[in-house]
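Source file: input10.cif; contents: mmCIF, C-alpha atoms.
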```
data_structure
#
loop_
_atom_site.label_atom_id
_atom_site.label_comp_id
_atom_site.auth_asym_id
_atom_site.auth_seq_id
_atom_site.Cartn_x
_atom_site.Cartn_y
_atom_site.Cartn_z
CA MET A 1 82.60 122.48 105.93
CA GLN A 2 81.98 124.75 102.99
CA ILE A 3 85.06 126.83 102.25
CA ALA A 4 84.82 129.72 99.81
CA LEU A 5 88.04 131.00 98.27
CA LEU A 6 87.33 134.52 97.06
CA GLY A 7 89.81 135.31 94.35
CA GLY A 8 90.31 131.59 94.25
CA THR A 9 91.38 131.69 90.63
CA GLY A 10 94.99 132.62 91.22
CA ASP A 11 97.98 132.99 93.53
CA ILE A 12 97.40 131.48 96.96
CA GLY A 13 93.77 130.62 96.14
CA GLU A 14 94.74 128.04 93.55
CA GLY A 15 97.01 126.14 95.93
CA LEU A 16 94.49 126.21 98.75
CA ALA A 17 91.71 125.01 96.43
CA LEU A 18 93.76 122.13 95.07
CA ARG A 19 95.15 120.96 98.40
CA LEU A 20 91.90 121.31 100.32
CA ALA A 21 90.12 119.35 97.62
CA ALA A 22 92.85 116.71 97.42
CA ASP A 23 93.46 116.21 101.15
CA THR A 24 90.16 116.98 102.91
CA ASP A 25 86.44 116.40 102.60
CA HIS A 26 85.58 120.09 102.76
CA GLU A 27 83.46 121.49 99.96
CA VAL A 28 85.55 124.03 98.06
CA VAL A 29 83.92 126.94 96.26
CA VAL A 30 86.07 129.01 93.91
CA GLY A 31 84.97 132.62 93.85
CA SER A 32 85.93 135.37 91.43
CA ARG A 33 84.73 138.79 90.45
CA LYS A 34 83.74 137.19 87.16
CA ALA A 35 81.55 134.09 87.06
CA GLU A 36 83.13 132.93 83.82
CA LYS A 37 86.63 133.01 85.27
CA ALA A 38 85.53 131.12 88.36
CA SER A 39 83.92 128.45 86.19
CA GLU A 40 86.96 128.15 83.95
CA LYS A 41 89.42 127.77 86.85
CA ALA A 42 87.18 125.37 88.79
CA GLY A 43 87.10 123.15 85.71
CA GLU A 44 90.87 123.39 85.44
CA TYR A 45 91.26 122.39 89.10
CA GLU A 46 88.87 119.47 88.66
CA ARG A 47 90.89 118.14 85.71
CA GLU A 48 94.16 118.61 87.62
CA LEU A 49 92.72 116.69 90.57
CA ALA A 50 91.12 113.98 88.41
CA GLY A 51 94.50 113.38 86.78
CA ARG A 52 95.75 112.44 90.23
CA GLY A 53 92.84 110.22 91.12
CA HIS A 54 90.78 112.77 93.02
CA GLU A 55 87.32 112.83 91.47
CA VAL A 56 86.09 115.96 93.20
CA ALA A 57 83.58 118.59 92.14
CA ILE A 58 84.81 122.14 92.63
CA ALA A 59 81.95 124.60 92.96
CA HIS A 60 82.31 128.09 91.51
CA ALA A 61 80.50 131.39 91.61
CA GLU A 62 80.93 135.13 91.67
CA ASN A 63 82.46 136.16 94.99
CA PRO A 64 79.18 137.16 96.74
CA ASP A 65 77.46 133.91 95.76
CA ALA A 66 80.56 131.93 96.75
CA ALA A 67 80.55 133.52 100.20
CA ASP A 68 76.85 132.87 100.71
CA GLY A 69 76.39 129.99 103.13
CA ALA A 70 80.11 129.27 103.49
CA ASP A 71 81.48 128.31 106.90
CA VAL A 72 84.89 129.74 106.07
CA VAL A 73 85.60 132.52 103.57
CA VAL A 74 89.22 133.03 102.54
CA LEU A 75 90.15 136.43 101.12
CA SER A 76 92.72 135.10 98.67
CA VAL A 77 93.04 138.40 96.86
CA PRO A 78 95.92 140.90 96.70
CA ALA A 79 96.02 143.40 99.55
CA TYR A 80 94.81 146.21 97.30
CA HIS A 81 91.59 144.29 96.56
CA LEU A 82 90.95 143.41 100.21
CA SER A 83 88.56 146.24 101.08
CA SER A 84 86.47 146.01 97.94
CA THR A 85 86.27 142.23 98.21
CA ILE A 86 85.03 142.29 101.80
CA GLU A 87 82.53 145.02 100.97
CA SER A 88 81.24 143.08 97.98
CA VAL A 89 80.34 140.07 100.14
CA ALA A 90 79.59 141.69 103.52
CA ASP A 91 75.81 141.32 103.33
CA ARG A 92 76.14 137.67 102.33
CA LEU A 93 78.20 136.62 105.35
CA ASP A 94 76.34 134.87 108.16
CA ALA A 95 77.09 135.79 111.76
CA GLY A 96 79.96 133.54 112.74
CA THR A 97 81.21 132.87 109.25
CA VAL A 98 84.99 132.77 109.66
CA LEU A 99 86.71 135.32 107.44
CA VAL A 100 90.34 134.42 106.75
CA SER A 101 92.87 137.02 105.61
CA PRO A 102 96.10 135.75 104.00
CA ALA A 103 97.08 138.97 102.18
CA VAL A 104 100.27 140.89 102.95
CA GLY A 105 101.22 144.50 102.22
CA MET A 106 104.65 144.68 100.61
CA LYS A 107 106.65 147.21 98.69
CA ARG A 108 109.36 146.23 96.21
CA GLU A 109 112.33 148.59 96.27
CA ASP A 110 115.75 148.48 94.65
CA ASP A 111 117.25 146.67 97.63
CA GLY A 112 114.53 144.06 97.90
CA MET A 113 111.09 143.46 99.30
CA HIS A 114 109.89 145.35 102.34
CA TYR A 115 106.94 144.82 104.62
CA ASN A 116 104.59 147.72 104.12
CA PRO A 117 101.57 147.49 106.40
CA PRO A 118 98.51 149.71 106.11
CA ASP A 119 97.71 152.26 108.84
CA ALA A 120 95.66 149.60 110.64
CA GLY A 121 98.98 147.92 111.51
CA SER A 122 98.56 144.88 109.29
CA VAL A 123 96.40 143.76 106.42
CA THR A 124 94.73 141.30 108.78
CA ALA A 125 93.85 144.12 111.17
CA LEU A 126 92.56 146.15 108.22
CA ALA A 127 90.23 143.27 107.31
CA ARG A 128 88.87 143.42 110.85
CA THR A 129 88.00 147.11 110.46
CA ILE A 130 86.03 146.42 107.27
CA ALA A 131 84.26 143.15 108.06
CA PRO A 132 80.86 143.14 109.79
CA ASP A 133 81.23 143.09 113.58
CA ASP A 134 79.62 139.68 113.98
CA VAL A 135 82.01 138.04 111.52
CA PRO A 136 85.24 136.87 113.18
CA VAL A 137 88.45 137.62 111.28
CA VAL A 138 91.42 135.25 111.40
CA GLY A 139 94.83 135.81 109.80
CA ALA A 140 96.43 132.74 108.21
CA TYR A 141 98.30 131.45 105.15
CA HIS A 142 100.36 134.66 104.79
CA ASN A 143 103.64 132.78 104.50
CA LEU A 144 102.73 130.02 102.06
CA PRO A 145 104.47 130.20 98.68
CA ALA A 146 101.79 130.15 95.99
CA GLY A 147 103.76 128.30 93.33
CA ARG A 148 104.76 125.26 95.32
CA LEU A 149 101.45 125.19 97.17
CA ALA A 150 99.68 124.84 93.83
CA ASP A 151 102.09 122.16 92.62
CA LEU A 152 100.65 118.91 93.94
CA ASP A 153 103.91 117.18 93.03
CA ALA A 154 105.73 119.32 95.60
CA ASP A 155 106.06 117.79 99.04
CA VAL A 156 105.50 120.55 101.56
CA ASP A 157 106.44 120.87 105.22
CA TRP A 158 105.40 124.31 106.32
CA ASP A 159 103.98 126.04 109.36
CA VAL A 160 100.90 128.24 109.19
CA ALA A 161 101.02 130.96 111.85
CA ILE A 162 97.45 131.87 112.77
CA VAL A 163 96.28 135.03 114.53
CA GLY A 164 92.83 135.91 115.76
CA ASP A 165 90.88 137.25 118.71
CA ASP A 166 88.00 134.77 118.44
CA THR A 167 89.11 131.42 119.82
CA ALA A 168 86.41 129.35 118.12
CA ALA A 169 87.25 130.92 114.77
CA VAL A 170 90.96 130.28 115.27
CA GLU A 171 90.18 126.67 116.11
CA THR A 172 88.18 126.32 112.92
CA VAL A 173 91.10 127.57 110.84
CA GLU A 174 93.50 125.32 112.75
CA SER A 175 91.30 122.34 111.96
CA VAL A 176 91.04 123.21 108.27
CA THR A 177 94.80 123.77 108.06
CA ALA A 178 95.71 120.55 109.86
CA GLY A 179 93.69 118.65 107.25
CA VAL A 180 96.13 119.59 104.50
CA ASP A 181 99.13 117.26 104.27
CA GLY A 182 102.36 119.02 105.22
CA LEU A 183 100.81 122.07 106.86
CA ARG A 184 101.10 122.54 110.64
CA PRO A 185 98.87 125.19 112.22
CA LEU A 186 100.47 127.26 115.00
CA ARG A 187 98.95 130.02 117.09
CA ALA A 188 100.74 133.35 116.93
CA GLY A 189 98.45 135.39 119.16
CA GLY A 190 95.68 137.89 118.51
CA LEU A 191 95.02 140.16 115.54
CA GLY A 192 97.43 142.66 117.09
CA ASN A 193 100.23 140.18 116.43
CA ALA A 194 99.55 139.87 112.69
CA ALA A 195 102.29 142.25 111.53
CA GLU A 196 105.06 139.96 112.74
CA VAL A 197 103.48 137.11 110.77
CA GLU A 198 102.85 139.09 107.60
CA SER A 199 106.34 140.57 107.45
CA VAL A 200 107.90 137.11 107.17
CA THR A 201 106.62 136.97 103.59
CA ALA A 202 108.91 139.82 102.53
CA LEU A 203 111.82 138.00 104.14
CA LEU A 204 110.95 134.78 102.29
CA ILE A 205 111.06 136.65 98.98
CA ASN A 206 114.42 138.25 99.85
CA LEU A 207 115.88 134.88 100.85
CA ALA A 208 114.72 133.28 97.60
CA ARG A 209 116.32 136.10 95.65
CA HIS A 210 119.72 135.88 97.30
CA ASN A 211 120.29 132.14 97.83
CA ASP A 212 120.92 129.77 94.95
CA GLY A 213 118.72 126.72 95.00
CA LEU A 214 116.07 128.25 97.23
CA HIS A 215 112.83 129.45 95.72
CA ASP A 216 109.19 129.69 96.68
CA LEU A 217 110.02 129.34 100.36
CA GLY A 218 107.81 128.59 103.31
CA VAL A 219 108.81 128.50 106.94
CA ARG A 220 109.12 126.07 109.85
CA PHE A 221 109.48 127.15 113.45
CA GLN A 222 111.53 124.64 115.42
CA MET B 1 139.92 133.95 113.14
CA GLN B 2 139.67 135.85 116.37
CA ILE B 3 136.03 136.41 117.32
CA ALA B 4 135.15 138.79 120.13
CA LEU B 5 131.75 138.45 121.73
CA LEU B 6 131.02 141.77 123.42
CA GLY B 7 128.51 141.13 126.15
CA GLY B 8 129.53 137.53 125.72
CA THR B 9 128.62 136.70 129.28
CA GLY B 10 124.92 136.23 128.72
CA ASP B 11 121.99 135.66 126.42
CA ILE B 12 123.01 134.98 122.82
CA GLY B 13 126.71 135.53 123.62
CA GLU B 14 126.92 132.46 125.80
CA GLY B 15 125.54 130.16 123.13
CA LEU B 16 127.74 131.61 120.41
CA ALA B 17 130.82 131.31 122.62
CA LEU B 18 130.13 127.69 123.51
CA ARG B 19 129.22 126.54 120.03
CA LEU B 20 132.02 128.42 118.26
CA ALA B 21 134.51 126.98 120.73
CA ALA B 22 133.06 123.47 120.48
CA ASP B 23 132.59 123.28 116.70
CA THR B 24 135.26 125.54 115.15
CA ASP B 25 138.93 126.45 115.48
CA HIS B 26 138.23 130.17 115.88
CA GLU B 27 139.68 131.90 118.89
CA VAL B 28 136.80 133.09 121.05
CA VAL B 29 137.19 136.14 123.28
CA VAL B 30 134.47 136.83 125.83
CA GLY B 31 134.02 140.55 126.42
CA SER B 32 132.14 142.31 129.16
CA ARG B 33 131.91 145.77 130.63
CA LYS B 34 133.53 144.26 133.71
CA ALA B 35 136.78 142.30 133.45
CA GLU B 36 135.87 140.17 136.44
CA LYS B 37 132.60 139.05 134.91
CA ALA B 38 134.28 138.21 131.61
CA SER B 39 136.86 136.13 133.47
CA GLU B 40 134.27 134.33 135.52
CA LYS B 41 132.08 133.41 132.54
CA ALA B 42 135.04 132.39 130.36
CA GLY B 43 136.06 129.99 133.10
CA GLU B 44 132.54 128.66 133.30
CA TYR B 45 132.47 128.09 129.52
CA GLU B 46 135.86 126.35 129.64
CA ARG B 47 134.60 123.95 132.31
CA GLU B 48 131.39 123.32 130.39
CA LEU B 49 133.39 122.54 127.25
CA ALA B 50 135.98 120.45 129.05
CA GLY B 51 133.18 118.34 130.50
CA ARG B 52 132.31 117.44 126.93
CA GLY B 53 135.83 116.71 125.81
CA HIS B 54 136.64 120.11 124.34
CA GLU B 55 139.86 121.32 125.99
CA VAL B 56 139.69 124.90 124.76
CA ALA B 57 140.95 128.12 126.24
CA ILE B 58 138.39 130.94 126.19
CA ALA B 59 140.03 134.36 126.29
CA HIS B 60 138.34 137.16 128.20
CA ALA B 61 138.68 140.89 128.60
CA GLU B 62 136.79 144.13 129.05
CA ASN B 63 134.89 144.92 125.83
CA PRO B 64 137.45 147.37 124.35
CA ASP B 65 140.34 144.96 124.91
CA ALA B 66 138.28 142.07 123.58
CA ALA B 67 137.54 144.00 120.38
CA ASP B 68 141.18 144.97 119.89
CA GLY B 69 142.65 142.87 117.13
CA ALA B 70 139.56 140.77 116.55
CA ASP B 71 138.58 139.83 113.01
CA VAL B 72 134.90 139.64 113.93
CA VAL B 73 133.22 141.54 116.76
CA VAL B 74 129.73 140.41 117.75
CA LEU B 75 127.56 142.93 119.59
CA SER B 76 125.81 140.36 121.76
CA VAL B 77 124.24 142.99 123.99
CA PRO B 78 120.63 144.07 124.42
CA ALA B 79 119.45 146.69 121.93
CA TYR B 80 119.50 149.41 124.58
CA HIS B 81 123.24 148.86 125.15
CA LEU B 82 124.07 148.83 121.42
CA SER B 83 125.11 152.46 121.01
CA SER B 84 127.21 152.65 124.15
CA THR B 85 128.89 149.34 123.38
CA ILE B 86 129.91 150.37 119.87
CA GLU B 87 131.12 153.74 121.13
CA SER B 88 133.18 152.08 123.86
CA VAL B 89 135.13 150.01 121.34
CA ALA B 90 135.09 152.23 118.24
CA ASP B 91 138.71 153.39 118.48
CA ARG B 92 139.88 149.80 118.96
CA LEU B 93 138.33 148.45 115.76
CA ASP B 94 140.64 147.99 112.79
CA ALA B 95 139.48 149.02 109.35
CA GLY B 96 137.76 145.98 107.99
CA THR B 97 136.94 144.38 111.33
CA VAL B 98 133.52 142.85 110.80
CA LEU B 99 130.98 144.17 113.29
CA VAL B 100 128.03 141.80 113.72
CA SER B 101 124.71 143.00 115.14
CA PRO B 102 122.31 140.34 116.49
CA ALA B 103 120.17 142.62 118.69
CA VAL B 104 116.46 143.20 118.11
CA GLY B 105 114.16 145.97 119.30
CA MET B 106 111.00 144.56 120.82
CA LYS B 107 108.19 145.79 123.00
CA ARG B 108 106.17 143.49 125.26
CA GLU B 109 102.51 144.45 125.44
CA ASP B 110 99.48 142.76 126.93
CA ASP B 111 98.74 140.93 123.69
CA GLY B 112 102.28 139.68 123.15
CA MET B 113 105.63 140.70 121.78
CA HIS B 114 105.88 143.32 119.07
CA TYR B 115 108.72 144.31 116.83
CA ASN B 116 109.74 147.83 117.78
CA PRO B 117 112.54 149.13 115.57
CA PRO B 118 114.46 152.32 116.25
CA ASP B 119 114.11 155.31 113.92
CA ALA B 120 117.00 153.98 111.82
CA GLY B 121 114.58 151.26 110.63
CA SER B 122 116.25 148.37 112.43
CA VAL B 123 118.78 147.81 115.20
CA THR B 124 121.21 146.57 112.56
CA ALA B 125 120.83 149.81 110.60
CA LEU B 126 121.29 151.76 113.84
CA ALA B 127 124.59 149.95 114.41
CA ARG B 128 125.69 151.11 110.95
CA THR B 129 125.02 154.75 111.86
CA ILE B 130 127.20 154.49 115.00
CA ALA B 131 130.09 152.32 113.80
CA PRO B 132 133.17 153.91 112.18
CA ASP B 133 132.74 154.25 108.42
CA ASP B 134 135.56 151.84 107.60
CA VAL B 135 134.09 149.07 109.76
CA PRO B 136 131.55 146.95 107.86
CA VAL B 137 128.35 146.07 109.75
CA VAL B 138 126.58 142.77 109.22
CA GLY B 139 123.28 141.69 110.78
CA ALA B 140 123.08 138.05 111.90
CA TYR B 141 121.96 135.71 114.70
CA HIS B 142 118.81 137.75 115.44
CA ASN B 143 116.57 134.70 115.36
CA LEU B 144 118.56 132.24 117.44
CA PRO B 145 116.99 131.25 120.76
CA ALA B 146 119.55 131.90 123.47
CA GLY B 147 118.56 129.08 125.80
CA ARG B 148 118.79 126.18 123.38
CA LEU B 149 121.80 127.71 121.64
CA ALA B 150 123.66 127.63 124.95
CA ASP B 151 122.55 124.07 125.71
CA LEU B 152 125.11 121.88 123.98
CA ASP B 153 122.84 118.87 124.56
CA ALA B 154 120.26 120.44 122.26
CA ASP B 155 120.46 119.42 118.63
CA VAL B 156 119.80 122.48 116.54
CA ASP B 157 118.73 122.90 112.95
CA TRP B 158 118.26 126.58 112.34
CA ASP B 159 118.80 129.13 109.61
CA VAL B 160 120.74 132.33 110.18
CA ALA B 161 119.49 135.10 107.92
CA ILE B 162 122.36 137.49 107.23
CA VAL B 163 122.12 141.05 105.96
CA GLY B 164 124.90 143.39 104.95
CA ASP B 165 126.06 145.80 102.28
CA ASP B 166 129.71 144.68 102.27
CA THR B 167 129.98 141.38 100.42
CA ALA B 168 133.33 140.34 101.90
CA ALA B 169 132.05 140.97 105.42
CA VAL B 170 128.87 138.99 104.73
CA GLU B 171 131.00 136.12 103.40
CA THR B 172 133.07 136.17 106.58
CA VAL B 173 129.94 135.85 108.73
CA GLU B 174 128.59 133.12 106.45
CA SER B 175 131.82 131.20 106.90
CA VAL B 176 131.82 131.58 110.69
CA THR B 177 128.16 130.55 110.86
CA ALA B 178 128.56 127.53 108.61
CA GLY B 179 131.24 126.26 111.00
CA VAL B 180 128.70 125.75 113.77
CA ASP B 181 126.89 122.40 113.58
CA GLY B 182 123.21 122.85 112.81
CA LEU B 183 123.35 126.46 111.64
CA ARG B 184 122.81 127.29 107.97
CA PRO B 185 123.73 130.80 106.82
CA LEU B 186 121.38 132.41 104.31
CA ARG B 187 121.60 135.80 102.67
CA ALA B 188 118.64 138.08 103.24
CA GLY B 189 119.85 141.16 101.37
CA GLY B 190 121.42 144.44 102.43
CA LEU B 191 121.20 146.35 105.69
CA GLY B 192 117.96 147.86 104.43
CA ASN B 193 116.39 144.41 104.68
CA ALA B 194 117.24 143.89 108.35
CA ALA B 195 113.83 144.79 109.76
CA GLU B 196 112.17 141.77 108.16
CA VAL B 197 114.81 139.53 109.78
CA GLU B 198 114.69 141.15 113.21
CA SER B 199 110.90 141.10 113.44
CA VAL B 200 110.86 137.29 113.21
CA THR B 201 112.20 137.20 116.77
CA ALA B 202 108.99 138.71 118.15
CA LEU B 203 107.01 136.12 116.21
CA LEU B 204 109.14 133.30 117.63
CA ILE B 205 108.37 134.50 121.16
CA ASN B 206 104.65 134.73 120.43
CA LEU B 207 104.63 131.22 118.93
CA ALA B 208 106.42 129.78 121.96
CA ARG B 209 103.88 131.45 124.23
CA HIS B 210 100.81 130.09 122.46
CA ASN B 211 101.75 126.56 121.41
CA ASP B 212 102.20 123.76 123.93
CA GLY B 213 105.44 121.90 123.52
CA LEU B 214 107.19 124.64 121.59
CA HIS B 215 109.73 126.81 123.34
CA ASP B 216 112.93 128.63 122.53
CA LEU B 217 112.21 128.48 118.82
CA GLY B 218 114.45 129.08 115.84
CA VAL B 219 113.46 129.09 112.21
CA ARG B 220 114.06 127.17 108.99
CA PHE B 221 113.20 128.49 105.58
CA GLN B 222 112.29 125.66 103.23
#
```

Could you spell out this file's structure in structure tokens?
Amino acid sequence: MQIALLGGTGDIGEGLALRLAADTDHEVVVGSRKAEKASEKAGEYERELAGRGHEVAIAHAENPDAADGADVVVLSVPAYHLSSTIESVADRLDAGTVLVSPAVGMKREDDGMHYNPPDAGSVTALARTIAPDDVPVVGAYHNLPAGRLADLDADVDWDVAIVGDDTAAVETVESVTAGVDGLRPLRAGGLGNAAEVESVTALLINLARHNDGLHDLGVRFQ
Amino acid sequence: MQIALLGGTGDIGEGLALRLAADTDHEVVVGSRKAEKASEKAGEYERELAGRGHEVAIAHAENPDAADGADVVVLSVPAYHLSSTIESVADRLDAGTVLVSPAVGMKREDDGMHYNPPDAGSVTALARTIAPDDVPVVGAYHNLPAGRLADLDADVDWDVAIVGDDTAAVETVESVTAGVDGLRPLRAGGLGNAAEVESVTALLINLARHNDGLHDLGVRFQ
């Protein structure tokens, strides 16, 4: 499949790009608001992968061109860029393109990180309100720690809780996720259940802050 | 230490009673609103433990008597009994008795389980508003699955995220928790960070509902 990572130049996008390219045969396209930045980071990812024996081409484009023709489009942008990013690519999404939302709304206060969802109930639900009706929205990858995900030397063993109302779209994201070594896809219900998934990310940050030796945490349900 | 489990006759209380008695030297007191029920369940726990080679006496009493003199009092009651349970024992708590709140507010809807905190922000924070000022409140054990916790044949490997504003009280709960085989205490911040811990329980229930082979889930942060 062709997988476009909008905002694929940083944070969670970098880790997804590297691991999808290293572990699967999917075609990865790095998107950015700026073509030059997308090109620069794609080259960086290619060199990182080549250094580990993965001779893979990483495509790159401005976000709308990256989304064009993709089977899966991951909105790997901060929550405050979610709306504008979806709007910028909406007319380039085919019916049935799977739109994946990993962003989380959080608020840092003196006592730690707090989950801070938008009025829609969750960022994933907000994505649903903005995306074209014929484009299924799936929530996934909210609880992956960007740093260790992007470090191919780090062995990972994390669960990916997936929410969505469109079963075929959820299955697509499960399949993509299961292709990455160390990630286990799990179903967490429909889009209405996204808040309970997203809020875990604030907890992960609080746990990393308060426990020596723990950092950049993911989660396993067992 | 003397550990009173108020509402220790069911749900999370049963598992904590059995595992504390099996794995630690703490004196466990099973509390209930009804003395007869406390007596009956304590006898049942003693027989269960004896069958596994643990000859331990489990004390039992009505909740106020169980709380009297305890070093740690666990409110192992449903969220809707939290206020009345604290009020029923308030004048029997010594200054410095550690009050532990494991309850979670949830709402079951057609699409699954949702976190549903009280106006205080979390059940743990609500406990703080009701407890006497000189009694420290600690949130813990929210994310332990009652069924497998109470099954001593089940090997467990779960984290216990602990929140509290009183460092000594948090350390006490960490120490008690670390004494149980397979439980790892982790600090998740102050009482203001309890919501992000409590809401995981709704997610655990949704995951068990939607994934074949997974049931009665706990969580590991890694």

Each residue of chain A lying at most 8 Å from chain B should get a row with its shortest atom-to-atom pair and the distance in Å to one decimal, counting only C-alpha atoms; could you produce that, ordered by chain and increasing number, as CSV?
```
residue,atom,partner,partner_atom,distance
A:Asp111,CA,B:Gly190,CA,6.7
A:Gly112,CA,B:Gly189,CA,7.0
A:Met113,CA,B:Asn193,CA,7.6
A:His114,CA,B:Asn193,CA,7.0
A:Tyr115,CA,B:Glu196,CA,7.0
A:Asp157,CA,B:Gln222,CA,7.8
A:Trp158,CA,B:Gln222,CA,7.7
A:Ala161,CA,B:Leu207,CA,8.0
A:Leu186,CA,B:Asn211,CA,6.6
A:Arg187,CA,B:His210,CA,5.7
A:Ala188,CA,B:Leu207,CA,4.9
A:Gly189,CA,B:Asn206,CA,6.4
A:Gly190,CA,B:Asp111,CA,6.7
A:Gly192,CA,B:Asp111,CA,6.9
A:Asn193,CA,B:His114,CA,7.0
A:Glu196,CA,B:Leu203,CA,5.5
A:Val197,CA,B:Leu203,CA,6.6
A:Ser199,CA,B:Glu196,CA,6.0
A:Val200,CA,B:Glu196,CA,6.4
A:Ala202,CA,B:Glu196,CA,6.8
A:Leu203,CA,B:Glu196,CA,5.5
A:Leu204,CA,B:Phe221,CA,7.4
A:Asn206,CA,B:Ala188,CA,5.4
A:Leu207,CA,B:Ala188,CA,4.9
A:His210,CA,B:Arg187,CA,5.7
A:Asn211,CA,B:Arg187,CA,6.2
A:Leu214,CA,B:Gln222,CA,7.5
A:Leu217,CA,B:Gln222,CA,5.2
A:Gly218,CA,B:Gln222,CA,5.4
A:Val219,CA,B:Phe221,CA,4.6
A:Arg220,CA,B:Arg220,CA,5.1
A:Phe221,CA,B:Val219,CA,4.6
A:Gln222,CA,B:Leu217,CA,5.2
```

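The space separating atom CA of B:Pro136 from atom CA of B:Val72 comes to 10.1 Å.
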
Subject >> Residues selected by the PyMOL selection byres ((chain A and resi 123-126) around 10), written as an MDAnalysis selection string >> reply: chainID A and resid 79:80 82:83 100:105 116:122 127:131 137:140 142 163:164 190:195 197:198

Contact residues around stretch 3-11 of chain A with only C-alpha atoms at 6 Å, ignoring same-chain residues under 4 positions, as an mmCIF file with C-alpha atoms, in the coordinates of the input:
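Output file out-v1.cif is given in full below:
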```cif
data_model
loop_
_atom_site.group_PDB
_atom_site.id
_atom_site.type_symbol
_atom_site.label_atom_id
_atom_site.label_comp_id
_atom_site.auth_asym_id
_atom_site.auth_seq_id
_atom_site.Cartn_x
_atom_site.Cartn_y
_atom_site.Cartn_z
ATOM 1 C CA VAL A 28 85.550 124.030 98.060
ATOM 2 C CA VAL A 29 83.920 126.940 96.260
ATOM 3 C CA VAL A 30 86.070 129.010 93.910
ATOM 4 C CA GLY A 31 84.970 132.620 93.850
ATOM 5 C CA SER A 32 85.930 135.370 91.430
ATOM 6 C CA LYS A 41 89.420 127.770 86.850
ATOM 7 C CA ASN A 63 82.460 136.160 94.990
ATOM 8 C CA ALA A 66 80.560 131.930 96.750
ATOM 9 C CA ALA A 67 80.550 133.520 100.200
ATOM 10 C CA ALA A 70 80.110 129.270 103.490
ATOM 11 C CA VAL A 72 84.890 129.740 106.070
ATOM 12 C CA VAL A 73 85.600 132.520 103.570
ATOM 13 C CA VAL A 74 89.220 133.030 102.540
ATOM 14 C CA LEU A 75 90.150 136.430 101.120
ATOM 15 C CA SER A 76 92.720 135.100 98.670
ATOM 16 C CA VAL A 77 93.040 138.400 96.860
ATOM 17 C CA ALA A 146 101.790 130.150 95.990
#
```

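Here the question is which of A:Ala42, A:Ala168, A:Leu144, A:Ile86 gets nearest to A:Val98 using all atoms listed in the file, and that residue is A:Ala168.
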
When the PyMOL selection byres ((chain A and resi 134) around 8) is applied to the file above, which residues end up in the set, as a PDB file with C-alpha atoms, in the frame of the given file?
```
ATOM      1  CA  ALA A  95      77.090 135.790 111.760  1.00  0.00           C
ATOM      2  CA  GLY A  96      79.960 133.540 112.740  1.00  0.00           C
ATOM      3  CA  PRO A 132      80.860 143.140 109.790  1.00  0.00           C
ATOM      4  CA  ASP A 133      81.230 143.090 113.580  1.00  0.00           C
ATOM      5  CA  VAL A 135      82.010 138.040 111.520  1.00  0.00           C
ATOM      6  CA  PRO A 136      85.240 136.870 113.180  1.00  0.00           C
TER       7      PRO A 136
END
```

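Computed from the coordinates, the atom CA of B:Asp94 to atom CA of B:Gly69 distance equals 7.0 Å.
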
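Separating atom CA of A:Arg92 from atom CA of A:Asn143 is a distance of 28.0 Å.
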
Original post:
Any chance you could work out the residue set of the PyMOL selection byres ((chain B and resi 15-24) around 7) here, as an MDAnalysis selection string?
Top reply: chainID B and resid 12:14 25:26 28 45 49 54 56 146 149:150 179:181

Subject >> Nearest to A:Leu183 by atom-to-atom distance, counting all atoms listed in the file, from A:Ala50, A:Tyr141, A:Asp151, A:Asp159 >> reply: A:Asp159
